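Enquirer: The file below is coords23.tsv, TSV, C-alpha atoms:
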chain	number	residue	atom	x	y	z
N	1	MET	CA	61.62	49.41	25.78
N	2	CYS	CA	61.20	49.88	22.03
N	3	GLN	CA	58.15	51.58	20.63
N	4	SER	CA	56.80	48.36	19.08
N	5	GLU	CA	56.85	46.61	22.47
N	6	ALA	CA	55.23	49.65	24.05
N	7	ARG	CA	52.43	49.50	21.48
N	8	ARG	CA	51.97	45.79	22.09
N	9	GLY	CA	51.78	46.28	25.86
N	10	PRO	CA	48.00	46.88	26.03
N	11	GLU	CA	47.35	43.95	23.65
N	12	LEU	CA	49.43	41.60	25.81
N	13	ARG	CA	47.63	42.77	28.95
N	14	ALA	CA	44.23	42.25	27.23
N	15	ALA	CA	45.22	38.77	26.06
N	16	LYS	CA	46.39	37.94	29.61
N	17	TRP	CA	43.09	39.27	30.99
N	18	LEU	CA	41.10	37.13	28.53
N	19	HIS	CA	43.22	34.09	29.37
N	20	PHE	CA	41.90	33.67	32.91
N	21	PRO	CA	38.20	33.19	32.02
N	22	GLN	CA	39.23	30.60	29.44
N	23	LEU	CA	41.21	28.71	32.09
N	24	ALA	CA	38.27	28.91	34.46
N	25	LEU	CA	35.92	27.65	31.74
N	26	ARG	CA	38.28	24.80	30.92
N	27	ARG	CA	38.37	23.79	34.59
N	28	ARG	CA	34.57	23.92	34.75
N	29	LEU	CA	34.25	21.87	31.57
N	30	GLY	CA	36.71	19.38	33.06
N	31	GLN	CA	34.43	19.04	36.07
N	32	LEU	CA	31.45	18.53	33.76
N	33	SER	CA	33.28	15.81	31.86
N	34	CYS	CA	33.65	13.86	35.14
N	35	MET	CA	29.90	13.88	35.71
N	36	SER	CA	27.65	10.95	34.90
N	37	ARG	CA	26.09	11.02	31.44
N	38	PRO	CA	22.54	11.94	32.66
N	39	ALA	CA	23.89	14.77	34.84
N	40	LEU	CA	26.10	16.08	32.05
N	41	LYS	CA	23.17	16.00	29.64
N	42	LEU	CA	21.02	17.90	32.13
N	43	ARG	CA	23.67	20.59	32.65
N	44	SER	CA	24.51	21.08	28.95
N	45	TRP	CA	20.90	21.14	27.73
N	46	PRO	CA	20.08	24.77	28.77
N	47	LEU	CA	23.32	26.04	27.21
N	48	THR	CA	22.50	24.19	23.99
N	49	VAL	CA	19.03	25.77	23.82
N	50	LEU	CA	20.55	29.22	24.29
N	51	TYR	CA	23.22	28.44	21.71
N	52	TYR	CA	20.60	27.86	19.01
N	53	LEU	CA	18.21	30.62	20.10
N	54	LEU	CA	20.48	33.59	20.80
N	55	PRO	CA	21.31	35.78	17.77
N	56	PHE	CA	24.73	36.26	16.19
N	57	GLY	CA	26.27	33.19	17.81
N	58	ALA	CA	26.45	34.79	21.26
N	59	LEU	CA	27.67	31.56	22.88
N	60	ARG	CA	30.01	30.46	20.12
N	61	PRO	CA	33.11	31.67	22.02
N	62	LEU	CA	32.46	28.72	24.37
N	63	SER	CA	33.51	26.39	21.56
N	64	ARG	CA	37.02	27.79	21.85
N	65	VAL	CA	37.39	26.32	25.32
N	66	GLY	CA	36.15	22.85	24.41
N	67	TRP	CA	32.36	23.07	24.81
N	68	ARG	CA	30.25	21.59	22.03
N	69	PRO	CA	26.48	22.00	21.77
N	70	VAL	CA	24.23	18.98	21.54
N	71	SER	CA	23.08	18.45	17.94
N	72	ARG	CA	19.66	19.74	16.97
N	73	VAL	CA	18.46	16.16	16.34
N	74	ALA	CA	19.65	14.98	19.77
N	75	LEU	CA	18.10	18.08	21.36
N	76	TYR	CA	14.76	17.38	19.69
N	77	LYS	CA	14.89	13.69	20.67
N	78	SER	CA	15.33	14.73	24.31
N	79	VAL	CA	11.95	16.51	24.33
N	80	PRO	CA	9.43	14.37	26.32
N	81	THR	CA	7.04	13.96	23.37
N	82	ARG	CA	5.29	10.92	24.90
N	83	LEU	CA	4.46	12.87	28.06
N	84	LEU	CA	3.30	15.86	26.01
N	85	SER	CA	1.16	13.61	23.82
N	86	ARG	CA	-0.52	12.04	26.85
N	87	ALA	CA	-1.19	15.52	28.26
N	88	TRP	CA	-2.63	16.56	24.90
N	89	GLY	CA	-4.80	13.44	24.89
N	90	ARG	CA	-6.16	14.32	28.33
N	91	LEU	CA	-6.87	17.86	27.17
N	92	ASN	CA	-8.70	16.54	24.12
N	93	GLN	CA	-11.08	14.61	26.37
N	94	VAL	CA	-12.16	17.69	28.33
N	95	GLU	CA	-15.72	18.62	27.42
N	96	LEU	CA	-15.95	22.16	26.10
N	97	PRO	CA	-18.75	24.51	27.18
N	98	HIS	CA	-21.44	24.79	24.53
N	99	TRP	CA	-20.67	28.47	23.88
N	100	LEU	CA	-16.93	27.80	23.41
N	101	ARG	CA	-17.20	25.01	20.84
N	102	ARG	CA	-17.84	27.10	17.75
N	103	PRO	CA	-14.95	29.59	18.26
N	104	VAL	CA	-12.45	26.81	19.15
N	105	TYR	CA	-13.38	24.52	16.25
N	106	SER	CA	-13.66	27.46	13.83
N	107	LEU	CA	-10.09	28.47	14.68
N	108	TYR	CA	-8.90	24.92	14.00
N	109	ILE	CA	-10.85	24.77	10.72
N	110	TRP	CA	-9.34	28.08	9.58
N	111	THR	CA	-5.81	27.09	10.61
N	112	PHE	CA	-5.71	23.67	8.91
N	113	GLY	CA	-8.22	24.13	6.09
N	114	VAL	CA	-10.78	21.56	7.25
N	115	ASN	CA	-13.72	20.98	4.89
N	116	MET	CA	-16.69	20.57	7.23
N	117	LYS	CA	-19.12	20.15	4.33
N	118	GLU	CA	-17.82	16.58	4.05
N	119	ALA	CA	-18.48	15.80	7.73
N	120	ALA	CA	-21.39	13.55	8.61
N	121	VAL	CA	-22.37	16.16	11.24
N	122	GLU	CA	-21.61	19.76	10.20
N	123	ASP	CA	-22.96	21.36	13.37
N	124	LEU	CA	-19.89	22.29	15.46
N	125	HIS	CA	-21.90	22.26	18.69
N	126	HIS	CA	-22.39	18.49	18.24
N	127	TYR	CA	-18.74	17.73	19.11
N	128	ARG	CA	-18.34	17.74	22.88
N	129	ASN	CA	-14.53	17.81	22.88
N	130	LEU	CA	-11.55	18.11	20.58
N	131	SER	CA	-11.15	14.34	20.39
N	132	GLU	CA	-14.63	13.89	18.93
N	133	PHE	CA	-13.96	16.67	16.44
N	134	PHE	CA	-10.66	15.13	15.30
N	135	ARG	CA	-12.32	11.73	14.80
N	136	ARG	CA	-15.36	13.07	12.96
N	137	LYS	CA	-16.96	10.76	10.43
N	138	LEU	CA	-17.61	11.66	6.78
N	139	LYS	CA	-20.78	11.53	4.74
N	140	PRO	CA	-21.05	8.19	2.91
N	141	GLN	CA	-20.87	9.83	-0.53
N	142	ALA	CA	-17.89	12.04	0.38
N	143	ARG	CA	-15.32	9.31	-0.39
N	144	PRO	CA	-16.42	6.88	-3.13
N	145	VAL	CA	-14.22	3.78	-3.20
N	146	CYS	CA	-12.56	3.06	-6.55
N	147	GLY	CA	-13.58	-0.39	-7.74
N	148	LEU	CA	-11.36	-0.53	-10.85
N	149	HIS	CA	-8.00	-0.68	-9.05
N	150	SER	CA	-6.78	-3.36	-6.68
N	151	VAL	CA	-5.18	-1.01	-4.10
N	152	ILE	CA	-6.75	2.25	-2.92
N	153	SER	CA	-5.57	4.95	-0.55
N	154	PRO	CA	-6.43	3.95	3.04
N	155	SER	CA	-6.69	7.59	4.14
N	156	ASP	CA	-6.61	11.23	3.18
N	157	GLY	CA	-3.11	12.67	3.04
N	158	LYS	CA	-0.02	13.50	1.02
N	159	ILE	CA	2.08	10.94	-0.87
N	160	LEU	CA	5.62	11.18	0.51
N	161	ASN	CA	7.10	8.27	-1.40
N	162	PHE	CA	6.29	5.06	-3.26
N	163	GLY	CA	7.89	2.42	-5.44
N	164	GLN	CA	9.80	-0.85	-5.22
N	165	VAL	CA	11.69	-1.81	-2.07
N	166	LYS	CA	15.36	-2.07	-3.05
N	167	ASN	CA	18.17	-3.58	-0.93
N	168	CYS	CA	15.73	-3.92	1.99
N	169	GLU	CA	15.70	-0.11	2.31
N	170	VAL	CA	12.52	1.99	2.20
N	171	GLU	CA	12.44	5.73	1.52
N	172	GLN	CA	10.52	7.77	4.12
N	173	VAL	CA	11.07	10.84	1.90
N	174	LYS	CA	13.18	11.33	-1.21
N	175	GLY	CA	16.78	10.36	-0.46
N	176	VAL	CA	16.23	9.44	3.22
N	177	THR	CA	15.84	5.70	3.85
N	178	TYR	CA	15.23	3.31	6.71
N	179	SER	CA	15.80	-0.41	7.11
N	180	LEU	CA	12.86	-2.64	6.26
N	181	GLU	CA	13.97	-5.09	8.96
N	182	SER	CA	14.18	-2.34	11.60
N	183	PHE	CA	10.76	-1.05	10.62
N	184	LEU	CA	8.89	-4.37	10.61
N	185	GLY	CA	10.94	-5.73	13.50
N	186	PRO	CA	13.30	-8.62	14.12
N	187	ARG	CA	12.36	-12.06	12.94
N	188	THR	CA	11.42	-14.74	15.47
N	189	SER	CA	11.31	-18.48	15.30
N	190	THR	CA	7.80	-18.75	16.74
N	191	GLU	CA	5.64	-20.60	14.23
N	192	ASP	CA	2.60	-18.33	14.39
N	193	LEU	CA	4.59	-15.11	13.83
N	194	PRO	CA	5.15	-13.74	10.35
N	195	PHE	CA	8.95	-13.27	10.34
N	196	PRO	CA	10.99	-16.50	10.68
N	197	PRO	CA	14.75	-16.24	11.32
N	198	ALA	CA	16.91	-14.82	8.55
N	199	THR	CA	20.62	-14.20	8.25
N	200	SER	CA	20.80	-11.52	5.57
N	201	CYS	CA	18.82	-8.88	3.73
N	202	SER	CA	18.03	-11.30	0.89
N	203	SER	CA	16.79	-14.00	3.28
N	204	PHE	CA	14.65	-11.45	5.15
N	205	ARG	CA	13.15	-10.39	1.83
N	206	SER	CA	12.54	-14.02	0.88
N	207	GLN	CA	10.38	-14.41	4.00
N	208	LEU	CA	8.10	-11.63	2.74
N	209	VAL	CA	8.06	-12.33	-1.01
N	210	THR	CA	6.28	-15.67	-1.06
N	211	ARG	CA	5.72	-16.09	-4.81
N	212	GLU	CA	8.22	-16.36	-7.60
N	213	GLY	CA	8.33	-13.34	-9.91
N	214	ASN	CA	6.84	-10.95	-7.34
N	215	GLU	CA	8.44	-7.76	-5.99
N	216	LEU	CA	8.08	-5.79	-2.76
N	217	TYR	CA	6.43	-2.36	-3.01
N	218	HIS	CA	5.90	0.46	-0.54
N	219	CYS	CA	3.82	3.62	-0.24
N	220	VAL	CA	4.06	6.33	2.46
N	221	ILE	CA	1.06	8.61	3.15
N	222	TYR	CA	1.33	11.57	5.54
N	223	LEU	CA	-1.86	12.72	7.28
N	224	ALA	CA	-1.80	16.42	8.15
N	225	PRO	CA	-3.73	17.75	11.19
N	226	GLY	CA	-6.53	18.99	8.95
N	227	ASP	CA	-7.06	15.66	7.18
N	228	TYR	CA	-9.71	13.05	7.88
N	229	HIS	CA	-8.16	10.99	10.70
N	230	CYS	CA	-9.70	7.56	10.15
N	231	PHE	CA	-8.02	4.97	7.95
N	232	HIS	CA	-9.53	2.09	6.02
N	233	SER	CA	-8.58	-1.18	4.42
N	234	PRO	CA	-6.64	-0.45	1.19
N	235	THR	CA	-7.57	-3.77	-0.45
N	236	ASP	CA	-9.27	-7.11	0.15
N	237	TRP	CA	-6.93	-8.94	2.52
N	238	THR	CA	-6.72	-10.98	5.72
N	239	VAL	CA	-4.96	-9.62	8.82
N	240	SER	CA	-3.23	-12.43	10.68
N	241	HIS	CA	-0.86	-10.62	13.04
N	242	ARG	CA	-0.26	-7.38	14.92
N	243	ARG	CA	3.10	-6.13	16.16
N	244	HIS	CA	3.14	-3.05	18.40
N	245	PHE	CA	6.35	-1.06	18.85
N	246	PRO	CA	6.27	1.40	21.78
N	247	GLY	CA	8.63	4.25	20.97
N	248	SER	CA	9.11	7.96	20.56
N	249	LEU	CA	6.37	10.28	19.33
N	250	MET	CA	8.34	12.73	17.21
N	251	SER	CA	6.68	14.79	14.50
N	252	VAL	CA	6.39	12.97	11.16
N	253	ASN	CA	5.83	15.99	8.92
N	254	PRO	CA	7.89	15.87	5.69
N	255	GLY	CA	10.42	18.42	6.96
N	256	MET	CA	11.16	16.33	10.05
N	257	ALA	CA	11.29	13.14	7.97
N	258	ARG	CA	14.10	14.70	5.91
N	259	TRP	CA	15.92	15.73	9.07
N	260	ILE	CA	15.89	12.53	11.17
N	261	LYS	CA	17.11	9.30	9.60
N	262	GLU	CA	14.96	6.24	10.35
N	263	LEU	CA	12.33	8.47	11.95
N	264	PHE	CA	9.59	5.88	11.38
N	265	CYS	CA	11.72	3.23	13.13
N	266	HIS	CA	12.09	5.44	16.23
N	267	ASN	CA	8.40	6.31	16.56
N	268	GLU	CA	5.66	4.23	18.10
N	269	ARG	CA	3.88	2.19	15.45
N	270	VAL	CA	1.39	-0.63	14.95
N	271	VAL	CA	2.24	-3.13	12.18
N	272	LEU	CA	-0.61	-5.20	10.78
N	273	THR	CA	0.50	-8.07	8.54
N	274	GLY	CA	-1.35	-10.65	6.52
N	275	ASP	CA	-2.03	-11.78	2.97
N	276	TRP	CA	-3.87	-10.60	-0.12
N	277	LYS	CA	-4.40	-12.31	-3.45
N	278	HIS	CA	-0.79	-11.68	-4.51
N	279	GLY	CA	0.93	-12.67	-1.25
N	280	PHE	CA	2.31	-10.67	1.68
N	281	PHE	CA	0.55	-7.42	2.68
N	282	SER	CA	1.13	-5.04	5.59
N	283	LEU	CA	-0.26	-1.72	6.84
N	284	THR	CA	1.62	0.23	9.51
N	285	ALA	CA	0.13	3.12	11.47
N	286	VAL	CA	2.97	5.36	12.71
N	287	GLY	CA	2.38	7.55	15.75
N	288	ALA	CA	3.57	11.16	16.05
N	289	THR	CA	3.65	14.07	18.48
N	290	ASN	CA	0.16	14.50	19.99
N	291	VAL	CA	-0.85	11.26	18.24
N	292	GLY	CA	-0.16	8.79	21.01
N	293	SER	CA	-3.53	7.17	20.46
N	294	ILE	CA	-3.61	4.66	17.59
N	295	ARG	CA	-6.80	2.66	17.55
N	296	ILE	CA	-7.50	-0.53	15.57
N	297	TYR	CA	-11.23	-1.20	15.65
N	298	PHE	CA	-11.06	-5.01	15.84
N	299	ASP	CA	-8.13	-5.08	18.33
N	300	ARG	CA	-9.35	-4.33	21.86
N	301	ASP	CA	-6.08	-5.51	23.43
N	302	LEU	CA	-4.03	-2.76	21.78
N	303	HIS	CA	-2.99	0.08	24.12
N	304	THR	CA	-0.63	2.74	22.76
N	305	ASN	CA	1.43	5.52	24.39
N	306	SER	CA	1.81	3.74	27.73
N	307	PRO	CA	3.70	5.71	30.41
N	308	ARG	CA	6.52	3.13	30.59
N	309	TYR	CA	8.12	0.96	27.96
N	310	SER	CA	11.46	-0.66	27.18
N	311	LYS	CA	13.35	0.90	24.30
N	312	GLY	CA	13.50	-1.47	21.34
N	313	SER	CA	10.74	-3.71	22.71
N	314	TYR	CA	7.67	-4.86	20.84
N	315	ASN	CA	4.47	-6.80	21.55
N	316	ASP	CA	3.11	-9.51	19.24
N	317	PHE	CA	-0.47	-10.65	18.92
N	318	SER	CA	-1.83	-13.27	16.54
N	319	PHE	CA	-5.36	-13.12	15.20
N	320	VAL	CA	-5.06	-16.73	14.05
N	321	THR	CA	-6.59	-19.00	16.69
N	322	HIS	CA	-7.93	-22.53	16.91
N	323	ALA	CA	-11.42	-21.14	16.35
N	324	ASN	CA	-10.27	-18.79	13.55
N	325	LYS	CA	-7.66	-20.44	11.33
N	326	GLU	CA	-7.35	-17.54	8.87
N	327	GLY	CA	-7.43	-14.25	10.80
N	328	ILE	CA	-9.45	-11.07	10.33
N	329	PRO	CA	-10.88	-10.64	6.80
N	330	MET	CA	-10.97	-7.03	5.60
N	331	ARG	CA	-12.84	-5.71	2.58
N	332	LYS	CA	-11.51	-2.84	0.49
N	333	GLY	CA	-12.68	0.46	2.00
N	334	GLU	CA	-13.81	-1.09	5.30
N	335	HIS	CA	-13.15	0.94	8.48
N	336	LEU	CA	-9.85	-0.20	10.02
N	337	GLY	CA	-8.71	2.34	12.62
N	338	GLU	CA	-8.10	5.96	13.55
N	339	PHE	CA	-5.53	8.47	14.82
N	340	ASN	CA	-5.90	11.42	17.13
N	341	LEU	CA	-4.67	14.37	15.03
N	342	GLY	CA	-2.44	13.53	12.01
N	343	SER	CA	0.21	10.90	11.37
N	344	THR	CA	1.51	8.47	8.73
N	345	ILE	CA	0.41	5.25	7.05
N	346	VAL	CA	3.03	2.96	5.45
N	347	LEU	CA	1.99	0.15	3.10
N	348	ILE	CA	4.49	-2.63	2.30
N	349	PHE	CA	3.26	-5.47	0.11
N	350	GLU	CA	4.25	-7.93	-2.57
N	351	ALA	CA	2.79	-7.88	-6.06
N	352	PRO	CA	3.71	-9.03	-9.57
N	353	LYS	CA	6.38	-7.09	-11.43
N	354	ASP	CA	3.79	-5.38	-13.66
N	355	PHE	CA	2.15	-3.60	-10.69
N	356	ASN	CA	1.97	0.14	-11.43
N	357	PHE	CA	1.36	3.03	-9.07
N	358	LYS	CA	-1.03	5.75	-10.27
N	359	LEU	CA	0.70	8.43	-8.21
N	360	LYS	CA	3.11	11.35	-8.13
N	361	ALA	CA	5.34	12.12	-5.16
N	362	GLY	CA	3.96	15.05	-3.19
N	363	GLN	CA	0.42	14.83	-4.52
N	364	LYS	CA	-2.62	15.10	-2.28
N	365	ILE	CA	-4.81	12.02	-2.16
N	366	ARG	CA	-8.09	11.09	-0.52
N	367	PHE	CA	-9.36	7.87	0.94
N	368	GLY	CA	-10.86	5.65	-1.77
N	369	GLU	CA	-8.75	6.98	-4.65
N	370	ALA	CA	-6.53	4.58	-6.61
N	371	LEU	CA	-2.97	3.91	-5.48
N	372	GLY	CA	-2.13	1.35	-8.13
N	373	SER	CA	-3.12	-1.77	-10.00
N	374	LEU	CA	-1.92	-4.51	-12.33
Using structure tokens, write down the structure that the file contains.
Expert:
Amino acid sequence: MCQSEARRGPELRAAKWLHFPQLALRRRLGQLSCMSRPALKLRSWPLTVLYYLLPFGALRPLSRVGWRPVSRVALYKSVPTRLLSRAWGRLNQVELPHWLRRPVYSLYIWTFGVNMKEAAVEDLHHYRNLSEFFRRKLKPQARPVCGLHSVISPSDGKILNFGQVKNCEVEQVKGVTYSLESFLGPRTSTEDLPFPPATSCSSFRSQLVTREGNELYHCVIYLAPGDYHCFHSPTDWTVSHRRHFPGSLMSVNPGMARWIKELFCHNERVVLTGDWKHGFFSLTAVGATNVGSIRIYFDRDLHTNSPRYSKGSYNDFSFVTHANKEGIPMRKGEHLGEFNLGSTIVLIFEAPKDFNFKLKAGQKIRFGEALGSL
């Protein structure tokens, strides 16, 4: 045997030794591939978690034998956020002992920067549970409503995006869009529903833009956990219809909105549609993790975050009846609804081409301040 072969002997033996685990892993992966999809997902999920958590790519050698981790987005979507949100809702309803209220609420105030001087009741002992604290009311003078502009902010929050709706696509954050049709829902042929059948993006848009020369506009407002959690009517309008989409309850913070395409179309949401002086107007309250409860004050039939739902389903309700031919009239600044914790409000409306937003992307805004005007 030549010296070169002698030197390669240990390397060959090591390669042969390493070869057997790879064969065993391949056989095991072959068995996994024969499993049903739910079983395979259950088995691969723990490995995926370890893959992303362990340092220095400790499990990356598995990729050499055919294993691929579930994507981070798919992994996050598999988290039972609806169940967690219902559990959080139950916890929020638990009455806190009188002595525990101040330290618990003070920690929350410090963490999220809550301004309790604006609260109608500043005494922390007044709030029996976390739910009451989240839904605290403000002093009447804390949020003056702007009377000079036609559209005001319906809530406190951060402006994620705004502008004209182009090609039936709406931006949830800069550069990340979602389909207007997916967000508002499929059209139906029922006469008392707001979206008649359409065959293309342009025809769908034509069902919303009712007046010649008008354009569609949108504005996305993110409510952080420390913000005021009630939302109000952004203008004088009439609500004629409600469409409720049961869905996921993923986080809607700006970082997650950049990460998951069509996030707002996946999450549970309540779409209120109607008319204002310039035509079509809609306000959508989008649910999020720990925000399974969306409440509309005049809609007692609305129940969100139900234990069971069919994916892609929606529930319609018309406020136009034989006794009420117009719907629910709302005045600018009037109380409309509330979230538990933070979430997102999306406005989609038609207006003349000279409508101008008085905003900057990323700016903080408070309820009652101007969004835009003619």
Enquirer: For N:Lys358, please output as a PDB file with C-alpha atoms, keeping the file's coordinate frame all residues within 12 Å (counting all atoms listed in the file; exclusion window: fewer than 2 positions along the same chain).
Expert:
ATOM      1  CA  HIS N 149      -8.000  -0.680  -9.050  1.00  0.00           C
ATOM      2  CA  SER N 150      -6.780  -3.360  -6.680  1.00  0.00           C
ATOM      3  CA  VAL N 151      -5.180  -1.010  -4.100  1.00  0.00           C
ATOM      4  CA  ILE N 152      -6.750   2.250  -2.920  1.00  0.00           C
ATOM      5  CA  SER N 153      -5.570   4.950  -0.550  1.00  0.00           C
ATOM      6  CA  ILE N 159       2.080  10.940  -0.870  1.00  0.00           C
ATOM      7  CA  PHE N 162       6.290   5.060  -3.260  1.00  0.00           C
ATOM      8  CA  GLY N 163       7.890   2.420  -5.440  1.00  0.00           C
ATOM      9  CA  CYS N 219       3.820   3.620  -0.240  1.00  0.00           C
ATOM     10  CA  PHE N 355       2.150  -3.600 -10.690  1.00  0.00           C
ATOM     11  CA  ASN N 356       1.970   0.140 -11.430  1.00  0.00           C
ATOM     12  CA  LYS N 360       3.110  11.350  -8.130  1.00  0.00           C
ATOM     13  CA  ALA N 361       5.340  12.120  -5.160  1.00  0.00           C
ATOM     14  CA  GLN N 363       0.420  14.830  -4.520  1.00  0.00           C
ATOM     15  CA  ILE N 365      -4.810  12.020  -2.160  1.00  0.00           C
ATOM     16  CA  GLU N 369      -8.750   6.980  -4.650  1.00  0.00           C
ATOM     17  CA  ALA N 370      -6.530   4.580  -6.610  1.00  0.00           C
ATOM     18  CA  LEU N 371      -2.970   3.910  -5.480  1.00  0.00           C
ATOM     19  CA  GLY N 372      -2.130   1.350  -8.130  1.00  0.00           C
ATOM     20  CA  SER N 373      -3.120  -1.770 -10.000  1.00  0.00           C
ATOM     21  CA  LEU N 374      -1.920  -4.510 -12.330  1.00  0.00           C
TER      22      LEU N 374
END
Enquirer: What separation in Å, quoted to one decimal, exists between atom CA of N:Lys139 and atom CA of N:Tyr228?
Expert: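 So the answer is 11.6 Å.
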Enquirer: Atom CA of N:Ala119 and atom CA of N:Leu84 are how many Å apart?
Expert: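 Between atom CA of N:Ala119 and atom CA of N:Leu84 the gap is 28.4 Å.
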Enquirer: Quick one: residues within 12 Å of N:Lys325, only C-alpha atoms counted, chain neighbours fewer than 5 positions away excluded, as a list in words?
Expert: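 Skipping anything fewer than 5 positions along the chain leaves Asp192, Thr238, Val239, Ser240, Ser318, Phe319 and Val320 of chain N.
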Enquirer: Which residue gives the smallest distance to N:Arg308 among N:Glu334, N:Gly247, N:Val270, N:Cys230, with all atoms listed in the file counted?
Expert: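 Of N:Glu334, N:Gly247, N:Val270, N:Cys230, the one nearest N:Arg308 is N:Gly247, counting all atoms listed in the file.
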